[in-house]
>>> print(open('entry12.csv').read())   # CSV, C-alpha atoms and all ligand atoms
chain,number,residue,atom,x,y,z
A,293,MET,CA,-44.1,3.6,118.2
A,294,SER,CA,-47.5,2.6,119.4
A,295,ILE,CA,-50.1,0.6,117.4
A,296,ALA,CA,-52.0,3.8,116.9
A,297,ASP,CA,-49.0,5.6,115.5
A,298,ASN,CA,-48.1,2.7,113.2
A,299,LEU,CA,-51.7,2.6,112.0
A,300,LYS,CA,-51.7,6.3,111.2
A,301,GLN,CA,-48.5,6.0,109.4
A,302,VAL,CA,-49.8,3.3,107.1
A,303,LEU,CA,-53.1,5.0,106.6
A,304,ALA,CA,-51.3,8.3,105.6
A,305,GLU,CA,-49.7,6.4,102.8
A,306,LEU,CA,-52.8,5.0,101.2
A,307,PRO,CA,-54.2,6.8,98.2
A,308,GLN,CA,-57.9,7.4,97.9
A,309,GLY,CA,-59.7,4.2,97.0
A,310,VAL,CA,-57.3,1.9,98.8
A,311,ARG,CA,-58.5,0.4,102.0
A,312,LEU,CA,-56.6,-1.2,104.8
A,313,VAL,CA,-57.2,-4.6,106.3
A,314,ALA,CA,-55.4,-4.5,109.6
A,315,VAL,CA,-54.2,-8.1,110.0
A,316,SER,CA,-54.6,-8.9,113.7
A,317,LYS,CA,-54.0,-12.6,113.6
A,318,PHE,CA,-52.3,-14.0,116.7
A,319,HIS,CA,-52.6,-10.6,118.4
A,320,PRO,CA,-54.8,-10.2,121.5
A,321,ASN,CA,-58.1,-8.2,121.8
A,322,GLU,CA,-56.2,-5.3,123.5
A,323,ALA,CA,-54.1,-4.7,120.3
A,324,ILE,CA,-57.3,-4.7,118.2
A,325,GLU,CA,-59.0,-2.3,120.6
A,326,GLU,CA,-56.1,0.1,120.3
A,327,ALA,CA,-56.4,0.2,116.5
A,328,TYR,CA,-60.1,0.4,116.9
A,329,GLN,CA,-59.8,3.5,119.2
A,330,ALA,CA,-57.6,5.0,116.5
A,331,GLY,CA,-60.4,4.6,114.0
A,332,GLN,CA,-59.6,1.3,112.2
A,333,ARG,CA,-62.7,-0.9,111.5
A,334,ILE,CA,-61.5,-3.6,109.1
A,335,PHE,CA,-59.5,-6.4,110.6
A,336,GLY,CA,-58.1,-9.6,109.0
A,337,GLU,CA,-57.7,-13.0,110.6
A,338,SER,CA,-56.5,-16.3,109.4
A,339,LYS,CA,-58.1,-18.8,111.8
A,340,VAL,CA,-61.8,-19.2,112.0
A,341,GLN,CA,-61.9,-20.1,115.7
A,342,GLU,CA,-59.7,-17.1,116.7
A,343,MET,CA,-61.7,-14.7,114.5
A,344,THR,CA,-65.0,-15.9,115.9
A,345,ALA,CA,-63.8,-15.5,119.5
A,346,LYS,CA,-62.7,-11.9,118.7
A,347,TYR,CA,-66.0,-11.2,116.9
A,348,GLU,CA,-67.9,-12.3,119.9
A,349,THR,CA,-66.1,-10.0,122.3
A,350,LEU,CA,-65.2,-6.9,120.3
A,351,PRO,CA,-67.4,-4.1,119.0
A,352,LYS,CA,-70.0,-5.1,116.4
A,353,ASP,CA,-69.2,-2.5,113.9
A,354,ILE,CA,-65.9,-4.2,113.1
A,355,GLU,CA,-65.7,-5.7,109.6
A,356,TRP,CA,-64.0,-9.1,109.8
A,357,HIS,CA,-62.1,-10.3,106.7
A,358,PHE,CA,-61.0,-13.9,106.6
A,359,ILE,CA,-57.6,-14.0,104.9
A,360,GLY,CA,-56.5,-17.6,105.8
A,361,HIS,CA,-56.7,-20.9,104.1
A,362,LEU,CA,-60.3,-22.2,104.1
A,363,GLN,CA,-61.2,-25.5,105.6
A,364,THR,CA,-64.6,-26.8,104.5
A,365,ASN,CA,-65.7,-27.9,108.0
A,366,LYS,CA,-64.9,-24.4,109.5
A,367,ILE,CA,-66.8,-22.3,107.0
A,368,LYS,CA,-70.1,-22.4,108.8
A,369,TYR,CA,-68.8,-20.7,112.0
A,370,MET,CA,-67.9,-17.5,110.3
A,371,ILE,CA,-70.8,-17.3,107.8
A,372,PRO,CA,-73.1,-15.4,110.2
A,373,TYR,CA,-70.8,-12.4,110.5
A,374,VAL,CA,-67.9,-12.4,108.1
A,375,GLU,CA,-67.7,-9.4,105.8
A,376,MET,CA,-65.3,-10.8,103.1
A,377,ILE,CA,-63.6,-14.1,102.5
A,378,HIS,CA,-60.3,-13.5,100.6
A,379,GLY,CA,-59.0,-17.0,100.0
A,380,ILE,CA,-61.4,-18.9,97.8
A,381,ASP,CA,-59.1,-21.2,95.9
A,382,THR,CA,-61.3,-24.0,94.6
A,383,TYR,CA,-64.8,-24.1,93.1
A,384,LYS,CA,-65.8,-26.6,95.8
A,385,LEU,CA,-65.1,-24.0,98.5
A,386,LEU,CA,-67.1,-21.4,96.7
A,387,ALA,CA,-70.0,-23.8,96.5
A,388,GLU,CA,-69.7,-24.6,100.1
A,389,VAL,CA,-69.6,-21.0,101.2
A,390,ASN,CA,-72.7,-20.5,99.1
A,391,LYS,CA,-74.5,-23.5,100.7
A,392,GLN,CA,-73.7,-22.3,104.2
A,393,ALA,CA,-74.6,-18.7,103.3
A,394,ALA,CA,-78.0,-19.8,101.9
A,395,LYS,CA,-78.7,-21.6,105.2
A,396,ALA,CA,-77.9,-18.5,107.1
A,397,GLY,CA,-79.9,-16.3,104.8
A,398,ARG,CA,-76.9,-14.2,103.8
A,399,ILE,CA,-74.9,-13.2,100.7
A,400,VAL,CA,-71.2,-13.4,101.5
A,401,ASN,CA,-68.5,-11.4,99.7
A,402,CYS,CA,-65.7,-13.5,98.3
A,403,LEU,CA,-62.4,-12.9,96.6
A,404,ILE,CA,-60.8,-15.6,94.3
A,405,GLN,CA,-57.2,-16.3,95.3
A,406,ILE,CA,-54.8,-16.4,92.5
A,407,HIS,CA,-51.4,-18.1,92.7
A,408,VAL,CA,-48.7,-15.9,91.1
A,409,ALA,CA,-45.8,-16.4,93.5
A,410,GLN,CA,-42.9,-18.8,92.9
A,411,GLU,CA,-43.4,-20.7,96.1
A,412,GLU,CA,-45.3,-23.9,95.6
A,413,THR,CA,-46.6,-23.6,99.2
A,414,LYS,CA,-48.9,-20.7,98.4
A,415,PHE,CA,-52.5,-21.5,97.6
A,416,GLY,CA,-54.7,-20.3,94.8
A,417,PHE,CA,-56.0,-20.9,91.3
A,418,SER,CA,-53.5,-20.4,88.5
A,419,PRO,CA,-54.7,-17.6,86.1
A,420,GLU,CA,-55.8,-20.3,83.6
A,421,GLU,CA,-57.7,-22.4,86.2
A,422,CYS,CA,-59.5,-19.3,87.4
A,423,LYS,CA,-60.6,-18.4,83.8
A,424,ASP,CA,-61.6,-22.0,83.2
A,425,MET,CA,-63.7,-21.9,86.3
A,426,LEU,CA,-65.4,-18.7,85.3
A,427,HIS,CA,-65.9,-19.9,81.8
A,428,ALA,CA,-67.6,-23.1,83.0
A,429,GLY,CA,-70.2,-20.8,84.5
A,430,GLU,CA,-71.6,-23.0,87.3
A,431,TRP,CA,-70.8,-20.2,89.7
A,432,LYS,CA,-73.5,-18.1,88.2
A,433,GLU,CA,-76.1,-20.3,89.9
A,434,LEU,CA,-74.6,-19.6,93.3
A,435,SER,CA,-77.0,-16.9,94.6
A,436,HIS,CA,-75.6,-16.5,98.1
A,437,ILE,CA,-72.0,-15.5,97.2
A,438,ARG,CA,-70.8,-12.4,95.6
A,439,ILE,CA,-67.5,-12.5,93.7
A,440,CYS,CA,-66.0,-9.1,94.5
A,441,GLY,CA,-62.6,-9.5,93.0
A,442,LEU,CA,-59.2,-11.2,93.3
A,443,MET,CA,-56.6,-11.8,96.0
A,444,GLY,CA,-53.0,-12.7,95.7
A,445,MET,CA,-49.6,-12.8,97.3
A,446,ALA,CA,-46.3,-12.0,95.6
A,447,SER,CA,-43.2,-14.1,96.2
A,448,ASN,CA,-41.4,-13.7,99.5
A,449,THR,CA,-38.3,-12.1,98.0
A,450,ASP,CA,-36.2,-9.0,98.1
A,451,ASP,CA,-36.3,-8.9,94.3
A,452,VAL,CA,-38.6,-5.8,93.8
A,453,GLU,CA,-38.7,-6.3,90.1
A,454,GLN,CA,-40.2,-9.8,90.6
A,455,ILE,CA,-42.7,-8.5,93.1
A,456,ASN,CA,-43.7,-5.8,90.6
A,457,ARG,CA,-44.1,-8.3,87.8
A,458,GLU,CA,-46.3,-10.6,90.0
A,459,PHE,CA,-48.6,-7.7,91.1
A,460,CYS,CA,-48.9,-6.4,87.6
A,461,LEU,CA,-49.8,-9.9,86.4
A,462,LEU,CA,-52.6,-9.9,89.0
A,463,ASN,CA,-53.8,-6.6,88.0
A,464,ARG,CA,-53.9,-7.5,84.3
A,465,LEU,CA,-55.8,-10.7,85.2
A,466,PHE,CA,-58.2,-8.6,87.3
A,467,GLN,CA,-58.9,-6.3,84.3
A,468,GLU,CA,-59.4,-9.2,81.9
A,469,ILE,CA,-61.8,-11.0,84.2
A,470,LYS,CA,-63.7,-7.9,84.9
A,471,ALA,CA,-64.1,-7.2,81.2
A,472,ASN,CA,-65.1,-10.7,80.3
A,473,TRP,CA,-67.3,-11.7,83.2
A,474,PHE,CA,-68.2,-8.7,85.4
A,475,ALA,CA,-68.4,-5.8,82.9
A,476,ASP,CA,-71.9,-4.9,84.3
A,477,SER,CA,-71.0,-5.5,87.9
A,478,ASP,CA,-70.5,-2.6,90.4
A,479,THR,CA,-69.3,-5.1,93.0
A,480,PHE,CA,-66.4,-6.8,91.2
A,481,ARG,CA,-63.9,-4.1,92.2
A,482,GLU,CA,-61.5,-5.4,94.8
A,483,LEU,CA,-57.9,-6.4,94.2
A,484,SER,CA,-56.5,-7.6,97.5
A,485,MET,CA,-52.7,-7.5,97.4
A,486,GLY,CA,-49.9,-6.1,99.4
A,487,MET,CA,-48.6,-7.0,102.9
A,488,SER,CA,-46.2,-5.2,105.3
A,489,HIS,CA,-43.1,-5.6,103.2
A,490,ASP,CA,-44.6,-5.0,99.7
A,491,TYR,CA,-47.8,-2.9,100.0
A,492,HIS,CA,-46.1,0.1,98.3
A,493,GLU,CA,-45.5,-2.0,95.2
A,494,ALA,CA,-49.0,-3.4,95.4
A,495,ILE,CA,-50.6,0.0,95.6
A,496,ALA,CA,-48.5,1.1,92.6
A,497,ALA,CA,-49.8,-1.9,90.7
A,498,GLY,CA,-53.5,-1.2,91.5
A,499,SER,CA,-54.3,-2.8,94.8
A,500,THR,CA,-57.6,-1.7,96.4
A,501,LEU,CA,-57.2,-3.6,99.7
A,502,VAL,CA,-53.9,-4.0,101.4
A,503,ARG,CA,-53.5,-6.6,104.2
A,504,VAL,CA,-51.0,-5.2,106.6
A,505,GLY,CA,-50.2,-6.9,109.9
A,506,SER,CA,-46.7,-6.8,111.5
A,507,LYS,CA,-46.1,-3.2,110.3
A,508,ILE,CA,-49.0,-2.2,112.6
A,509,PHE,CA,-49.1,-4.7,115.4
A,510,GLY,CA,-45.4,-5.8,115.5
A,511,GLU,CA,-44.1,-9.3,115.2
A,512,ARG,CA,-46.5,-12.1,115.8
A,513,ASN,CA,-46.0,-14.6,118.6
A,514,TYR,CA,-47.3,-17.9,117.3
A,515,ASN,CA,-47.0,-19.6,120.6
A,516,THR,CA,-49.7,-17.7,122.4
B,601,LIG,C1,-50.4,-12.8,107.7
B,601,LIG,C2,-50.9,-12.3,106.4
B,601,LIG,C3,-50.8,-11.0,106.0
B,601,LIG,C4,-50.1,-9.9,106.8
B,601,LIG,O1,-48.7,-10.1,106.8
B,601,LIG,P1,-47.7,-9.0,107.4
B,601,LIG,O2,-46.4,-9.4,106.7
B,601,LIG,O3,-47.7,-9.2,108.9
B,601,LIG,O4,-48.2,-7.7,107.0
B,601,LIG,C5,-51.4,-10.6,104.8
B,601,LIG,N1,-52.0,-11.5,104.0
B,601,LIG,C6,-52.1,-12.8,104.4
B,601,LIG,C7,-52.8,-13.8,103.5
B,601,LIG,C8,-51.6,-13.3,105.6
B,601,LIG,O5,-51.7,-14.6,105.9
>>> encode(input="entry12.csv", output="structure tokens")
Amino acid sequence: MSIADNLKQVLAELPQGVRLVAVSKFHPNEAIEEAYQAGQRIFGESKVQEMTAKYETLPKDIEWHFIGHLQTNKIKYMIPYVEMIHGIDTYKLLAEVNKQAAKAGRIVNCLIQIHVAQEETKFGFSPEECKDMLHAGEWKELSHIRICGLMGMASNTDDVEQINREFCLLNRLFQEIKANWFADSDTFRELSMGMSHDYHEAIAAGSTLVRVGSKIFGERNYNT
């Protein structure tokens, strides 16, 4: 199957209101171009340098979503063009994105990453830490970021029940946060969850943005 075929297959499975972030990290421009030719416009990357190099050479109507772990000193390189940053996992990073966005005269869309998986290695606020941060209210002064929703990853397991529980927990938290802090906001509406092996479960649990890589582009080669 070609990239275009894989892409069409995934797109055909998405209900209305669910958008696809095609995760192109570690894949060359040619792979992205093939998906682009097939109509895909949203791509996800996890390294700022790699994303910026791709942004500079590929068509300008691509929406670049940063899905990796943020490093403070790299933020400024993507601020001029990034469409959405999925992995905000500390208030400090949110404030830094705001500072760089202010310098660039932009308002940058951000998602707050929540840790619900069992693995310690995954990043993110715990649900309580996230609510504490929102309750503290300092974020309301950050006029150059827009909090558009939440992002999360389920445990890397074959236990579908567990995956379902974690995605449902994320959705409940999303609804609670929306009701408490964003009831009047039209832009707090994204729940970014679901990858190649669990996007069906994520969609059933209310995902609005699935981040699918290997199912479209094949296995990644980390050595190139
Ligand atoms: C790599 C990555 C994905 C895509 O993973 P696949 O299993 O290839 O679909 C999605 N989300 C995040 C945060 C990633 O780092």
>>> closest_residue(input="entry12.csv", among="A:Tyr347, A:Asn472, A:His427, A:Glu411", to="Thr449 in chain A", atoms="only C-alpha atoms")
A:Glu411
>>> residues_near_ligand(input="entry12.csv", ligand="ligand LIG 601 (chain B)", cutoff="10 Å", atoms="only C-alpha atoms and all ligand atoms", output="PyMOL selection string")
chain A and resi 313-318+336-339+358-361+378-379+405+414-415+443-445+448+484-491+502-512
>>> residues_around(input="entry12.csv", residues="Gln341 in chain A", least_positions_apart="4", cutoff="9 Å", atoms="only C-alpha atoms", output="JSON, numbers by chain")
{"A": [345, 346, 366, 369, 370]}
>>> atom_distance(input="entry12.csv", atom1="CA of Thr479 in chain A", atom2="CA of Ala304 in chain A")
25.7 Å
>>> atom_distance(input="entry12.csv", atom1="CA of Gln363 in chain A", atom2="CA of Thr344 in chain A")
14.6 Å
>>> atom_distance(input="entry12.csv", atom1="CA of Ala394 in chain A", atom2="CA of Glu421 in chain A")
25.8 Å
>>> residues_around(input="entry12.csv", residues="Gly309 in chain A", least_positions_apart="3", cutoff="12 Å", atoms="all atoms listed in the file", output="JSON, numbers by chain")
{"A": [303, 305, 306, 312, 481, 482, 483, 495, 498, 499, 500, 501, 502]}
>>> closest_residue(input="entry12.csv", among="A:Ile404, A:Ala387, A:Ala409, A:Ile399", to="Arg457 in chain A", atoms="only C-alpha atoms")
A:Ala409
>>> residues_around(input="entry12.csv", residues="range 354-356 of chain A", least_positions_apart="3", cutoff="8 Å", atoms="only C-alpha atoms", output="CSV table (one decimal) with C-alpha atoms, keeping the file's coordinate frame")
chain,number,residue,atom,x,y,z
A,333,ARG,CA,-62.7,-0.9,111.5
A,334,ILE,CA,-61.5,-3.6,109.1
A,335,PHE,CA,-59.5,-6.4,110.6
A,336,GLY,CA,-58.1,-9.6,109.0
A,337,GLU,CA,-57.7,-13.0,110.6
A,343,MET,CA,-61.7,-14.7,114.5
A,347,TYR,CA,-66.0,-11.2,116.9
A,350,LEU,CA,-65.2,-6.9,120.3
A,351,PRO,CA,-67.4,-4.1,119.0
A,373,TYR,CA,-70.8,-12.4,110.5
A,374,VAL,CA,-67.9,-12.4,108.1
A,375,GLU,CA,-67.7,-9.4,105.8
A,376,MET,CA,-65.3,-10.8,103.1
>>> residues_around(input="entry12.csv", residues="Thr364 in chain A", least_positions_apart="6", cutoff="10 Å", atoms="all atoms listed in the file", output="short mmCIF file (atom, residue, chain, number, x, y, z; two decimals) with C-alpha atoms, in the coordinates of the input")
data_model
loop_
_atom_site.label_atom_id
_atom_site.label_comp_id
_atom_site.auth_asym_id
_atom_site.auth_seq_id
_atom_site.Cartn_x
_atom_site.Cartn_y
_atom_site.Cartn_z
CA LYS A 384 -65.80 -26.60 95.80
CA LEU A 385 -65.10 -24.00 98.50
CA LEU A 386 -67.10 -21.40 96.70
CA GLU A 388 -69.70 -24.60 100.10
CA VAL A 389 -69.60 -21.00 101.20
#
>>> closest_residue(input="entry12.csv", among="A:Ala330, A:Ile324, A:Leu434, A:Leu442", to="Ser418 in chain A", atoms="all atoms listed in the file")
A:Leu442
>>> closest_residue(input="entry12.csv", among="A:Ala496, A:Ala296, A:Val340, A:Leu426", to="Glu326 in chain A", atoms="all atoms listed in the file")
A:Ala296
>>> build_atoms(input="entry12.csv", residues="range 311-323 of chain A", atoms="N, CA, C and O atoms", output="JSON list (two decimals), keeping the file's coordinate frame")
[["chain", "number", "residue", "atom", "x", "y", "z"],
["A", 311, "ARG", "N", -58.15, 0.62, 100.61],
["A", 311, "ARG", "CA", -58.50, 0.40, 102.00],
["A", 311, "ARG", "C", -57.57, -0.52, 102.71],
["A", 311, "ARG", "O", -56.92, -1.34, 102.08],
["A", 312, "LEU", "N", -57.52, -0.37, 104.02],
["A", 312, "LEU", "CA", -56.60, -1.20, 104.80],
["A", 312, "LEU", "C", -57.32, -2.26, 105.59],
["A", 312, "LEU", "O", -58.26, -2.00, 106.33],
["A", 313, "VAL", "N", -56.85, -3.50, 105.39],
["A", 313, "VAL", "CA", -57.20, -4.60, 106.30],
["A", 313, "VAL", "C", -56.11, -4.74, 107.28],
["A", 313, "VAL", "O", -54.99, -5.09, 106.92],
["A", 314, "ALA", "N", -56.39, -4.40, 108.54],
["A", 314, "ALA", "CA", -55.40, -4.50, 109.60],
["A", 314, "ALA", "C", -55.34, -5.97, 110.04],
["A", 314, "ALA", "O", -56.31, -6.48, 110.60],
["A", 315, "VAL", "N", -54.24, -6.65, 109.73],
["A", 315, "VAL", "CA", -54.20, -8.10, 110.00],
["A", 315, "VAL", "C", -53.76, -8.36, 111.43],
["A", 315, "VAL", "O", -52.61, -8.17, 111.82],
["A", 316, "SER", "N", -54.75, -8.78, 112.22],
["A", 316, "SER", "CA", -54.60, -8.90, 113.70],
["A", 316, "SER", "C", -54.39, -10.30, 114.16],
["A", 316, "SER", "O", -54.39, -10.55, 115.37],
["A", 317, "LYS", "N", -54.18, -11.24, 113.24],
["A", 317, "LYS", "CA", -54.00, -12.60, 113.60],
["A", 317, "LYS", "C", -52.92, -12.80, 114.68],
["A", 317, "LYS", "O", -51.87, -12.16, 114.58],
["A", 318, "PHE", "N", -53.19, -13.66, 115.64],
["A", 318, "PHE", "CA", -52.30, -14.00, 116.70],
["A", 318, "PHE", "C", -52.05, -12.81, 117.71],
["A", 318, "PHE", "O", -51.28, -12.93, 118.65],
["A", 319, "HIS", "N", -52.73, -11.69, 117.50],
["A", 319, "HIS", "CA", -52.60, -10.60, 118.40],
["A", 319, "HIS", "C", -53.87, -10.53, 119.31],
["A", 319, "HIS", "O", -54.96, -10.86, 118.85],
["A", 320, "PRO", "N", -53.71, -10.12, 120.56],
["A", 320, "PRO", "CA", -54.80, -10.20, 121.50],
["A", 320, "PRO", "C", -55.86, -9.04, 121.25],
["A", 320, "PRO", "O", -55.58, -8.07, 120.53],
["A", 321, "ASN", "N", -57.02, -9.18, 121.87],
["A", 321, "ASN", "CA", -58.10, -8.20, 121.80],
["A", 321, "ASN", "C", -57.58, -6.75, 122.07],
["A", 321, "ASN", "O", -58.00, -5.79, 121.43],
["A", 322, "GLU", "N", -56.68, -6.64, 123.05],
["A", 322, "GLU", "CA", -56.20, -5.30, 123.50],
["A", 322, "GLU", "C", -55.54, -4.58, 122.28],
["A", 322, "GLU", "O", -55.68, -3.37, 122.13],
["A", 323, "ALA", "N", -54.81, -5.33, 121.46],
["A", 323, "ALA", "CA", -54.10, -4.70, 120.30],
["A", 323, "ALA", "C", -55.17, -4.24, 119.30],
["A", 323, "ALA", "O", -55.06, -3.14, 118.74]]
